[in-house]
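Here is final32.cif, consisting of mmCIF, C-alpha atoms:
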data_input
loop_
_atom_site.label_atom_id
_atom_site.label_comp_id
_atom_site.auth_asym_id
_atom_site.auth_seq_id
_atom_site.Cartn_x
_atom_site.Cartn_y
_atom_site.Cartn_z
CA MET A 1 30.59 -4.19 -0.23
CA THR A 2 31.15 -5.86 -3.62
CA SER A 3 30.51 -9.23 -2.06
CA VAL A 4 26.91 -8.44 -1.28
CA VAL A 5 25.65 -9.61 -4.67
CA ARG A 6 26.29 -13.23 -3.72
CA PRO A 7 23.05 -14.74 -2.32
CA THR A 8 23.11 -16.11 1.21
CA ALA A 9 20.47 -17.42 3.55
CA VAL A 10 17.95 -14.71 4.30
CA ASP A 11 16.83 -15.62 7.79
CA SER A 12 18.63 -14.27 10.80
CA GLY A 13 18.25 -15.38 14.39
CA SER A 14 16.88 -18.59 15.85
CA PRO A 15 13.19 -19.37 15.60
CA VAL A 16 11.44 -19.93 18.89
CA ALA A 17 8.39 -21.61 17.36
CA PRO A 18 7.42 -23.11 14.01
CA GLU A 19 6.69 -20.39 11.49
CA ARG A 20 3.25 -20.08 9.88
CA SER A 21 2.45 -17.83 6.98
CA PRO A 22 0.23 -15.03 8.34
CA ASN A 23 -2.77 -15.90 6.22
CA ARG A 24 -5.23 -15.35 9.08
CA SER A 25 -5.62 -12.28 11.25
CA GLU A 26 -4.69 -14.14 14.44
CA ASP A 27 -1.34 -15.11 12.85
CA ILE A 28 -0.05 -11.58 12.38
CA PHE A 29 1.93 -9.85 15.12
CA SER A 30 2.04 -13.11 17.10
CA HIS A 31 5.74 -12.52 17.96
CA LEU A 32 6.38 -16.27 18.04
CA THR A 33 9.45 -16.33 15.79
CA ASP A 34 12.23 -14.15 14.47
CA SER A 35 12.72 -15.96 11.15
CA ILE A 36 10.73 -16.38 7.95
CA ASP A 37 10.11 -19.67 6.18
CA ARG A 38 10.05 -18.85 2.47
CA SER A 39 7.83 -21.62 1.19
CA GLU A 40 7.65 -20.58 -2.48
CA ARG A 41 10.30 -18.57 -4.29
CA LYS A 42 9.04 -15.84 -6.59
CA ARG A 43 12.12 -14.49 -8.37
CA PRO A 44 11.17 -13.17 -11.84
CA LEU A 45 14.43 -11.21 -12.32
CA GLY A 46 16.70 -14.07 -11.35
CA PRO A 47 19.86 -12.78 -9.61
CA VAL A 48 18.36 -9.29 -9.12
CA SER A 49 15.32 -10.76 -7.38
CA ASN A 50 17.54 -13.13 -5.40
CA PHE A 51 19.60 -10.17 -4.25
CA THR A 52 16.54 -8.13 -3.26
CA VAL A 53 15.13 -10.99 -1.20
CA GLU A 54 18.24 -12.57 0.25
CA GLN A 55 20.89 -9.86 0.47
CA LEU A 56 19.14 -6.49 0.73
CA PRO A 57 18.28 -6.75 4.46
CA HIS A 58 21.88 -7.75 5.22
CA CYS A 59 23.18 -4.81 3.18
CA VAL A 60 20.92 -2.42 5.04
CA ALA A 61 22.19 -3.72 8.38
CA GLU A 62 25.78 -3.45 7.18
CA ILE A 63 25.34 0.17 6.10
CA GLN A 64 23.66 1.04 9.39
CA ARG A 65 26.56 -0.48 11.34
CA SER A 66 29.29 1.04 9.20
CA GLU A 67 31.61 3.68 10.61
CA ARG A 68 31.57 5.26 7.13
CA PRO A 69 27.98 4.87 5.93
CA ASN A 70 28.53 7.27 3.02
CA GLY A 71 31.18 4.98 1.58
CA ALA A 72 29.10 1.89 2.34
CA ILE A 73 26.02 3.13 0.49
CA LYS A 74 28.09 4.22 -2.50
CA ALA A 75 29.65 0.75 -2.63
CA PHE A 76 26.17 -0.74 -2.43
CA GLY A 77 25.04 1.35 -5.40
CA ARG A 78 28.05 0.32 -7.46
CA SER A 79 27.44 -3.36 -6.68
CA VAL A 80 23.77 -3.21 -7.64
CA ASN A 81 24.45 -1.40 -10.91
CA ALA A 82 27.30 -3.78 -11.78
CA MET A 83 24.99 -6.74 -11.19
CA ILE A 84 22.27 -5.25 -13.41
CA GLY A 85 24.82 -4.53 -16.14
CA GLU A 86 25.81 -8.20 -16.37
CA ALA A 87 22.63 -9.29 -18.19
CA ASP A 88 19.83 -7.97 -20.39
CA TYR A 89 17.39 -7.23 -17.58
CA SER A 90 15.63 -4.62 -19.69
CA GLY A 91 14.64 -7.21 -22.27
CA LEU A 92 13.63 -9.68 -19.58
CA LEU A 93 11.54 -7.06 -17.82
CA LEU A 94 9.57 -6.28 -20.97
CA ARG A 95 9.00 -9.98 -21.79
CA LEU A 96 7.70 -11.06 -18.40
CA PRO A 97 4.04 -12.07 -18.01
CA GLN A 98 2.09 -9.41 -16.15
CA CYS A 99 1.95 -11.29 -12.84
CA ASP A 100 5.74 -11.75 -12.87
CA PHE A 101 6.32 -8.21 -14.10
CA GLU A 102 4.49 -6.77 -11.11
CA ILE A 103 6.78 -8.62 -8.69
CA ALA A 104 9.81 -7.58 -10.75
CA LYS A 105 8.67 -3.96 -10.54
CA THR A 106 8.42 -4.36 -6.77
CA ASP A 107 11.98 -5.73 -6.64
CA ILE A 108 13.29 -2.76 -8.59
CA GLN A 109 11.40 -0.20 -6.53
CA TYR A 110 12.59 -1.80 -3.29
CA LEU A 111 16.16 -1.36 -4.51
CA VAL A 112 15.63 2.22 -5.66
CA ASN A 113 13.85 3.22 -2.47
CA CYS A 114 16.52 1.59 -0.31
CA THR A 115 19.27 3.47 -2.12
CA TYR A 116 17.58 6.82 -1.60
CA GLN A 117 16.68 6.15 2.03
CA MET A 118 20.14 4.91 2.95
CA SER A 119 21.77 7.76 1.02
CA ALA A 120 19.84 10.15 3.25
CA PHE A 121 20.85 8.11 6.30
CA ALA A 122 24.49 8.53 5.22
CA GLY A 123 24.08 12.25 4.61
CA LEU A 124 24.68 12.27 0.86
CA ASN A 125 23.77 15.39 -1.08
CA PRO A 126 21.19 15.08 -3.90
CA SER A 127 23.79 14.80 -6.66
CA ASP A 128 25.67 12.01 -4.89
CA ALA A 129 22.40 10.24 -4.09
CA GLU A 130 21.42 10.18 -7.78
CA LEU A 131 24.88 8.88 -8.71
CA THR A 132 24.51 6.18 -6.08
CA VAL A 133 21.16 5.05 -7.49
CA GLY A 134 23.03 4.79 -10.77
CA ALA A 135 22.24 4.65 -14.45
CA GLU A 136 21.44 0.92 -14.72
CA LEU A 137 18.98 0.83 -11.81
CA SER A 138 17.39 4.11 -12.89
CA ARG A 139 16.93 2.74 -16.40
CA LEU A 140 15.13 -0.35 -15.11
CA ALA A 141 12.91 1.78 -12.89
CA SER A 142 12.00 3.98 -15.87
CA LEU A 143 11.16 0.91 -17.95
CA THR A 144 8.70 -0.31 -15.31
CA CYS A 145 6.88 3.03 -15.53
CA GLN A 146 6.78 2.83 -19.32
CA ARG A 147 5.16 -0.60 -19.23
CA GLN A 148 2.86 0.18 -16.29
CA PRO A 149 2.40 3.88 -15.49
CA SER A 150 2.92 4.61 -11.80
CA VAL A 151 4.23 7.24 -9.44
CA GLY A 152 7.81 6.09 -10.03
CA VAL A 153 8.66 5.49 -6.37
CA LEU A 154 7.93 2.64 -3.99
CA SER A 155 4.15 2.68 -3.76
CA TYR A 156 1.39 1.13 -1.68
CA GLU A 157 0.74 -1.17 -4.63
CA ASP A 158 4.36 -2.38 -4.62
CA MET A 159 4.64 -2.78 -0.85
CA ILE A 160 1.25 -4.38 -0.19
CA LEU A 161 -0.59 -5.60 -3.29
CA THR A 162 2.20 -7.17 -5.35
CA ASN A 163 4.73 -8.01 -2.64
CA PRO A 164 4.48 -11.83 -2.24
CA VAL A 165 4.51 -11.55 1.55
CA GLN A 166 2.85 -14.91 2.19
CA SER A 167 5.61 -16.97 0.59
CA ASP A 168 8.63 -14.86 -0.41
CA PRO A 169 8.36 -11.35 1.07
CA ARG A 170 10.44 -8.35 0.08
CA LEU A 171 11.70 -6.72 3.28
CA TYR A 172 14.33 -4.31 4.57
CA CYS A 173 14.94 -5.74 8.05
CA LEU A 174 16.28 -8.90 9.64
CA GLY A 175 15.15 -11.02 12.57
CA ALA A 176 12.15 -10.06 14.67
CA VAL A 177 11.97 -6.64 13.02
CA GLY A 178 11.73 -8.29 9.60
CA VAL A 179 8.97 -10.62 10.81
CA GLU A 180 7.04 -7.62 12.13
CA GLU A 181 7.60 -5.85 8.81
CA ARG A 182 6.29 -8.93 6.98
CA ASP A 183 3.26 -9.10 9.27
CA PHE A 184 2.54 -5.41 8.70
CA CYS A 185 2.37 -6.06 4.95
CA ALA A 186 0.45 -9.31 5.40
CA GLY A 187 -2.14 -7.61 7.61
CA HIS A 188 -2.73 -4.98 4.96
CA GLN A 189 -3.09 -7.72 2.35
CA LEU A 190 -5.76 -9.40 4.47
CA ILE A 191 -7.60 -6.11 4.79
CA GLU A 192 -7.37 -5.53 1.04
CA SER A 193 -8.79 -8.99 0.41
CA GLU A 194 -11.78 -8.30 2.66
CA LEU A 195 -12.33 -4.91 1.02
CA GLN A 196 -12.25 -6.57 -2.39
CA SER A 197 -14.99 -8.98 -1.31
CA ALA A 198 -17.07 -6.11 0.07
CA MET A 199 -16.58 -4.17 -3.16
CA ASP A 200 -17.53 -7.17 -5.30
CA ALA A 201 -20.77 -7.59 -3.37
CA LEU A 202 -21.65 -3.92 -3.79
CA LEU A 203 -20.83 -3.99 -7.51
CA ASP A 204 -23.11 -7.00 -7.94
CA LEU A 205 -25.88 -5.05 -6.25
CA ARG A 206 -25.27 -1.93 -8.32
CA ASP A 207 -24.71 -3.51 -11.73
CA LEU A 208 -26.63 -6.81 -11.82
CA GLY A 209 -30.35 -6.29 -12.14
CA GLY A 210 -31.26 -9.63 -10.58
CA ALA A 211 -28.84 -9.49 -7.66
CA ASP A 212 -30.11 -10.44 -4.22
CA ALA A 213 -29.81 -7.11 -2.42
CA SER A 214 -30.09 -8.62 1.04
CA ARG A 215 -27.35 -11.15 0.35
CA CYS A 216 -25.04 -8.52 -1.20
CA LEU A 217 -25.39 -6.09 1.70
CA THR A 218 -25.08 -8.82 4.32
CA GLN A 219 -21.85 -9.98 2.67
CA CYS A 220 -20.56 -6.42 2.61
CA VAL A 221 -21.17 -5.97 6.35
CA ALA A 222 -19.43 -9.27 7.13
CA ARG A 223 -16.37 -8.42 5.05
CA LEU A 224 -16.03 -4.92 6.53
CA GLU A 225 -16.31 -6.35 10.02
CA SER A 226 -13.62 -8.90 9.17
CA ALA A 227 -11.37 -6.09 7.90
CA GLN A 228 -11.93 -4.31 11.19
CA ASP A 229 -10.90 -7.46 13.07
CA VAL A 230 -7.56 -7.37 11.23
CA LEU A 231 -7.13 -3.69 12.13
CA THR A 232 -7.67 -4.64 15.75
CA ARG A 233 -4.50 -6.73 15.55
CA PHE A 234 -2.59 -3.63 14.40
CA GLU A 235 -3.95 -1.54 17.25
CA ASP A 236 -3.56 -4.14 19.99
CA HIS A 237 -0.64 -6.39 19.01
CA MET A 238 1.80 -4.58 16.73
CA SER A 239 5.02 -3.76 18.60
CA PRO A 240 5.66 0.02 18.61
CA GLU A 241 9.39 -0.59 18.99
CA LEU A 242 9.65 -3.01 16.07
CA PHE A 243 7.31 -0.88 13.96
CA SER A 244 9.50 2.19 14.45
CA GLN A 245 12.56 0.28 13.22
CA PHE A 246 11.15 -0.92 9.88
CA ARG A 247 8.87 2.02 9.17
CA ALA A 248 11.82 4.34 8.59
CA PHE A 249 12.44 2.62 5.24
CA TYR A 250 8.97 3.41 3.92
CA GLY A 251 9.04 7.17 4.43
CA LYS A 252 8.82 9.96 1.90
CA ASN A 253 11.54 9.99 -0.71
CA PRO A 254 14.12 12.30 0.92
CA TYR A 255 15.32 13.73 -2.39
CA ARG A 256 12.29 13.84 -4.69
CA ASN A 257 9.55 15.29 -2.50
CA THR A 258 7.27 12.31 -3.11
CA LEU A 259 5.10 10.56 -0.56
CA GLY A 260 5.76 7.13 0.88
CA PRO A 261 3.48 4.08 0.60
CA SER A 262 0.43 4.57 2.83
CA GLY A 263 -2.98 3.06 3.49
CA ARG A 264 -4.29 6.44 2.38
CA PHE A 265 -3.68 5.17 -1.15
CA SER A 266 -5.86 2.07 -0.97
CA ALA A 267 -8.11 2.23 -4.01
CA ARG A 268 -10.43 -0.37 -2.48
CA VAL A 269 -11.17 1.82 0.53
CA VAL A 270 -12.04 4.57 -1.95
CA ALA A 271 -14.19 2.22 -4.04
CA VAL A 272 -16.21 0.92 -1.07
CA SER A 273 -16.65 4.48 0.21
CA VAL A 274 -17.91 5.71 -3.16
CA LEU A 275 -20.28 2.77 -3.59
CA LEU A 276 -21.77 3.08 -0.10
CA VAL A 277 -21.73 6.81 0.67
CA GLY A 278 -20.31 8.55 -2.39
CA GLU A 279 -22.81 11.38 -2.63
CA GLU A 280 -23.01 12.02 1.11
CA LEU A 281 -19.23 11.93 1.33
CA PHE A 282 -19.06 14.63 -1.34
CA ARG A 283 -21.59 16.73 0.53
CA GLN A 284 -19.78 16.47 3.87
CA LYS A 285 -16.13 16.02 2.86
CA PRO A 286 -15.53 17.37 -0.69
CA GLN A 287 -11.81 17.63 0.06
CA PHE A 288 -11.69 13.84 -0.03
CA TYR A 289 -12.46 13.95 -3.76
CA TRP A 290 -10.20 16.91 -4.46
CA ASP A 291 -7.30 15.04 -2.87
CA LEU A 292 -8.23 11.83 -4.65
CA TYR A 293 -7.73 13.48 -8.04
CA ARG A 294 -4.75 15.58 -6.89
CA LEU A 295 -2.84 12.53 -5.60
CA SER A 296 -4.18 10.00 -8.08
CA GLU A 297 -0.71 8.89 -9.22
CA TYR A 298 -0.06 7.34 -5.79
CA TYR A 299 -2.97 4.90 -6.06
CA PRO A 300 -2.90 1.57 -7.93
CA GLN A 301 -3.56 2.91 -11.39
CA THR A 302 -5.86 0.23 -12.79
CA SER A 303 -8.06 0.19 -9.70
CA ILE A 304 -8.35 3.94 -9.22
CA GLY A 305 -8.92 4.34 -12.95
CA LYS A 306 -12.05 2.20 -12.67
CA VAL A 307 -13.33 4.37 -9.81
CA PHE A 308 -12.73 7.49 -11.91
CA CYS A 309 -14.76 5.93 -14.71
CA TRP A 310 -17.66 5.49 -12.27
CA LEU A 311 -17.33 9.11 -11.23
CA SER A 312 -17.14 10.42 -14.80
CA PRO A 313 -19.50 8.15 -16.76
CA ASP A 314 -19.82 10.60 -19.67
CA ASN A 315 -16.22 11.80 -19.80
CA ARG A 316 -13.82 10.12 -22.19
CA ASP A 317 -10.87 11.22 -20.06
CA ALA A 318 -12.01 10.00 -16.66
CA TRP A 319 -8.74 11.12 -15.05
CA LEU A 320 -9.65 14.79 -15.43
CA LYS A 321 -11.39 16.48 -12.53
CA PRO A 322 -15.12 16.11 -13.24
CA ALA A 323 -17.50 19.05 -13.55
CA TRP A 324 -19.45 18.01 -10.45
CA LEU A 325 -16.34 18.51 -8.32
CA GLU A 326 -16.49 22.22 -9.16
CA GLY A 327 -20.24 22.49 -8.69
CA LYS A 328 -20.97 22.58 -12.42
CA ALA A 329 -22.94 19.32 -12.51
CA ASP A 330 -24.70 16.90 -10.20
CA PHE A 331 -22.77 14.17 -8.43
CA PRO A 332 -23.11 10.93 -10.47
CA ARG A 333 -25.36 8.84 -8.23
CA SER A 334 -24.97 6.02 -10.75
CA ALA A 335 -21.51 5.44 -9.21
CA THR A 336 -23.17 4.44 -5.94
CA ILE A 337 -25.70 1.85 -4.81
CA SER A 338 -28.09 4.56 -3.58
CA PRO A 339 -30.59 4.23 -6.48
CA VAL A 340 -30.87 0.48 -5.86
CA VAL A 341 -31.25 0.93 -2.09
CA GLU A 342 -34.01 3.48 -2.54
CA ARG A 343 -36.02 0.98 -4.60
CA GLY A 344 -35.44 -1.87 -2.18
CA GLY A 345 -37.71 -1.00 0.73
CA ARG A 346 -37.12 -0.58 4.44
CA GLU A 347 -35.20 -3.84 5.01
CA ILE A 348 -32.68 -2.99 2.30
CA GLU A 349 -32.32 0.53 3.71
CA ARG A 350 -31.62 -0.99 7.13
CA LEU A 351 -28.93 -3.28 5.71
CA HIS A 352 -27.41 -0.34 3.85
CA GLU A 353 -27.25 1.60 7.10
CA ALA A 354 -25.50 -1.38 8.69
CA CYS A 355 -22.90 -1.30 5.89
CA VAL A 356 -22.36 2.42 6.38
CA CYS A 357 -21.89 1.93 10.11
CA ALA A 358 -19.43 -0.92 9.48
CA LEU A 359 -17.43 1.26 7.10
CA ASP A 360 -17.47 4.09 9.62
CA ARG A 361 -16.22 1.78 12.39
CA PHE A 362 -13.44 0.55 10.10
CA THR A 363 -12.29 4.06 9.18
CA ARG A 364 -12.46 5.21 12.81
CA MET A 365 -10.35 2.26 13.93
CA HIS A 366 -7.82 3.02 11.20
CA ARG A 367 -7.67 6.58 12.49
CA ARG A 368 -7.09 5.39 16.08
CA ALA A 369 -4.37 2.95 15.03
CA ALA A 370 -2.62 5.58 12.92
CA LEU A 371 -2.71 8.10 15.74
CA LYS A 372 -1.46 5.53 18.24
CA HIS A 373 1.50 4.33 16.19
CA THR A 374 2.52 7.48 14.29
CA VAL A 375 1.18 10.81 15.50
CA GLU A 376 1.19 10.28 19.26
CA PRO A 377 4.80 8.94 19.36
CA GLY A 378 5.81 11.81 17.06
CA ARG A 379 7.06 9.63 14.21
CA PRO A 380 7.41 11.06 10.68
CA LEU A 381 4.31 10.75 8.52
CA VAL A 382 4.61 8.92 5.20
CA GLY A 383 1.35 9.52 3.35
CA VAL A 384 0.76 13.23 3.89
CA GLU A 385 2.41 16.36 2.63
CA ALA A 386 4.01 18.92 4.91
CA SER A 387 1.15 21.35 4.27
CA GLU A 388 -1.51 18.81 5.30
CA SER A 389 -2.96 18.09 8.73
CA ILE A 390 -2.79 14.37 9.50
CA GLU A 391 -5.95 14.66 11.58
CA VAL A 392 -7.84 16.20 8.66
CA VAL A 393 -6.54 13.54 6.25
CA LEU A 394 -7.50 10.70 8.60
CA CYS A 395 -11.01 12.11 8.98
CA GLN A 396 -11.67 12.64 5.27
CA ARG A 397 -13.49 9.31 4.91
CA LEU A 398 -15.51 9.66 8.11
CA LEU A 399 -19.10 10.77 7.98
CA THR A 400 -20.49 12.80 10.84
CA LEU A 401 -21.72 9.75 12.73
CA PRO A 402 -21.40 9.23 16.49
CA PRO A 403 -17.96 7.78 17.40
#
Whole structure, structure tokens version:
Amino acid sequence: MTSVVRPTAVDSGSPVAPERSPNRSEDIFSHLTDSIDRSERKRPLGPVSNFTVEQLPHCVAEIQRSERPNGAIKAFGRSVNAMIGEADYSGLLLRLPQCDFEIAKTDIQYLVNCTYQMSAFAGLNPSDAELTVGAELSRLASLTCQRQPSVGVLSYEDMILTNPVQSDPRLYCLGAVGVEERDFCAGHQLIESELQSAMDALLDLRDLGGADASRCLTQCVARLESAQDVLTRFEDHMSPELFSQFRAFYGKNPYRNTLGPSGRFSARVVAVSVLLVGEELFRQKPQFYWDLYRLSEYYPQTSIGKVFCWLSPDNRDAWLKPAWLEGKADFPRSATISPVVERGGREIERLHEACVCALDRFTRMHRRAALKHTVEPGRPLVGVEASESIEVVLCQRLLTLPP
């Protein structure tokens, strides 16, 4: 296994059609190729990034095929830690510009997560798994959390928001499975982009006194409908067989009792929900907010921190559970667009209702897709705890509207 630190070509298999980056919803899950054209290298940690991109999927396949996977994963861990020990990656990590640092953090977390997941695959006990992760890799992972506080495991932010999936994706699988894995991440990125546009329109309406309410709400509806169109690709075109093969690498950490990356931890879904229906959501589904604060470390920290500031406008420590959550104060309607809508007249109320319906359709489709690809086939769940009901979690953002 010591040879795995030498970069080789990443693609495996023969393409059956020219590859296009999945930058449109109709491009994802097209199943036209089993290779990836990496059009723009993003390698902020040099050899470590090269290894993560080019060698990691091959190492995973080698460990899976090995007759002695416990020895193979231990050799993998030694190789990774030896590579990290050959240069001052700690200093480089701390000097990187923020945009490069975020990709570097993703590289490190992909390595850490892989080591834990494959250690479990090989049947290592917790002590051996920690030794396999190793001191050098653990030190780099700790440094990323010092510079940018996070949950300390592979997160939704790492997998979806900072993973450069359009040009140089970080993946665990080869061939058609790797392409499907890339498309899964790319589809989520498209959804996040649409949600960001919807959120921006709602923030303009809420915070800019002269904003055109009709234009803002119309834009919000359009962006939520576009996000739903992307979700339709997941429900109708994602291969259950390929999905099951790559999804195993994004599960809960088998040794640390932490949750895996999940769409549950999209801060933009939370933001749009708060802006559109925040008070009504609290009235109908208060557990949504309780869980939001309880699991806050799993969300992108900068984004969820802004939402907490909306929800605690008078609290210096917005991360603390607010008084309204315990019934000791009124819900902060200033976090929502409701005051603006109420002043806007019947047409604005109608457009607001259209936004709410679009959000409800989006969340219901997400629920259907999750049930179809995870619960109904009986696959392990990544974004919920053992004590939670997946059905309850999936319904937390749904208002009591007709299906």
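Counting only C-alpha atoms, the residue from A:Leu359, A:Leu154, A:Asn163, A:Ser334 that sits nearest to Ala222 (chain A) is A:Leu359.
Here CA of Val392 (chain A) is placed at a distance of 22.6 Å from CA of Val307 (chain A).
Between Glu235 (chain A) and the residues A:Ile84, A:Ile36, A:Cys357, A:Ala370, the shortest atom-to-atom distance, using all atoms listed in the file, involves A:Ala370.
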So that I can see what lies close to Tyr255 (chain A), please list as a ChimeraX atom specification the residues with an atom at most 9 Å from it, counting all atoms listed in the file and leaving out residues fewer than 3 positions away in the same chain. /A:116-117,120,125-126,129-130,252,258
Could the residues in this selection be saved with C-alpha atoms as a PDB file, keeping the file's coordinate frame?
ATOM      1  CA  TYR A 116      17.580   6.820  -1.600  1.00  0.00           C
ATOM      2  CA  GLN A 117      16.680   6.150   2.030  1.00  0.00           C
ATOM      3  CA  ALA A 120      19.840  10.150   3.250  1.00  0.00           C
ATOM      4  CA  ASN A 125      23.770  15.390  -1.080  1.00  0.00           C
ATOM      5  CA  PRO A 126      21.190  15.080  -3.900  1.00  0.00           C
ATOM      6  CA  ALA A 129      22.400  10.240  -4.090  1.00  0.00           C
ATOM      7  CA  GLU A 130      21.420  10.180  -7.780  1.00  0.00           C
ATOM      8  CA  LYS A 252       8.820   9.960   1.900  1.00  0.00           C
ATOM      9  CA  THR A 258       7.270  12.310  -3.110  1.00  0.00           C
TER      10      THR A 258
END
Do you have the CA of Val341 (chain A)-CA of Asp229 (chain A) distance handy? 26.7 Å
Expected selection from the PyMOL selection byres ((chain A and resi 134) around 10), given as a PyMOL selection string: chain A and resi 74+77-78+80-82+112+115+128-133+135-139
Picked residues, the PyMOL selection byres ((chain A and resi 248) around 12), as number ranges by chain: A: 60, 113-114, 116-118, 120-121, 172-173, 177, 181, 241-247, 249-254, 260-261, 374, 379-382
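Between Ala72 (chain A) and the residues A:Ala122, A:Leu195, A:Leu217, A:Met159, the shortest atom-to-atom distance, using all atoms listed in the file, involves A:Ala122.
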Hits from the PyMOL selection byres ((chain A and resi 56) around 12), listed as a PyMOL selection string: chain A and resi 1+4-11+48-55+57-63+73+76-77+79-80+107-108+110-115+118+169-174+178
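Minimum atom-to-atom distance to Phe184 (chain A), evaluated using all atoms listed in the file, belongs to A:Ser25 out of A:Ser25, A:Gln109, A:Ser167, A:Gln64.
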Need to verify the contact set: Gln196 (chain A), 12 Å, only C-alpha atoms, exclusion of same-chain residues closer than 6 positions in sequence. Can you return it as a list of chain:residue names? A:Leu161, A:Gln189, A:Leu190, A:Leu202, A:Leu203, A:Gln219, A:Cys220, A:Arg223, A:Leu224, A:Ser226, A:Ala227, A:Ser266, A:Ala267, A:Arg268, A:Val269, A:Val270, A:Ala271, A:Val272, A:Ser303
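The nearest approach to Glu40 (chain A) among the residues A:Ser150, A:Ala141, A:Gln166, A:Asp88, with only C-alpha atoms taken into account, belongs to A:Gln166.
Closest approach to Phe29 (chain A) among A:Ser239, A:Thr232, A:Thr162, A:Thr106 is made by A:Ser239 (distances from only C-alpha atoms).
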Report as a ChimeraX atom specification all protein, DNA and RNA residues lying within 9 Å of Ser338 (chain A), evaluated on only C-alpha atoms, omitting residues in the same chain fewer than 6 positions from it. /A:206,275-279,352
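CA of Arg215 (chain A) lies 27.6 Å from CA of Thr302 (chain A).
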Env of Pro313 (chain A): 9 Å cut, atoms = all atoms listed in the file, seq-sep filter 5 positions within chain, self excluded. Answer as a PyMOL selection string. chain A and resi 308+318+332+334-335
Kindly extract all protein, DNA and RNA residues lying within 12 Å of the coordinates (6.7, -8.7, -15.9) given in the file, considering all atoms listed in the file, and supply them as JSON, numbers by chain. {"A": [42, 43, 44, 45, 89, 90, 91, 92, 93, 94, 95, 96, 97, 98, 99, 100, 101, 102, 103, 104, 105, 106, 107, 108, 140, 143, 144, 145, 147, 148, 162]}
Find the smallest box with edges along x, y and z containing every listed atom of region 128-143 of chain A, then add 4 Å on each side and report centre and edge lengths in Å to one decimal, as AutoDock Vina command-line options.
--center_x 18.4 --center_y 5.8 --center_z -11.0 --size_x 22.5 --size_y 20.4 --size_z 21.9
For Glu280 (chain A), find every residue with an atom within 10 Å (counting only C-alpha atoms), except residues of its own chain fewer than 5 positions away, and show them as JSON, numbers by chain. {"A": [273, 274, 285, 286, 331, 399]}
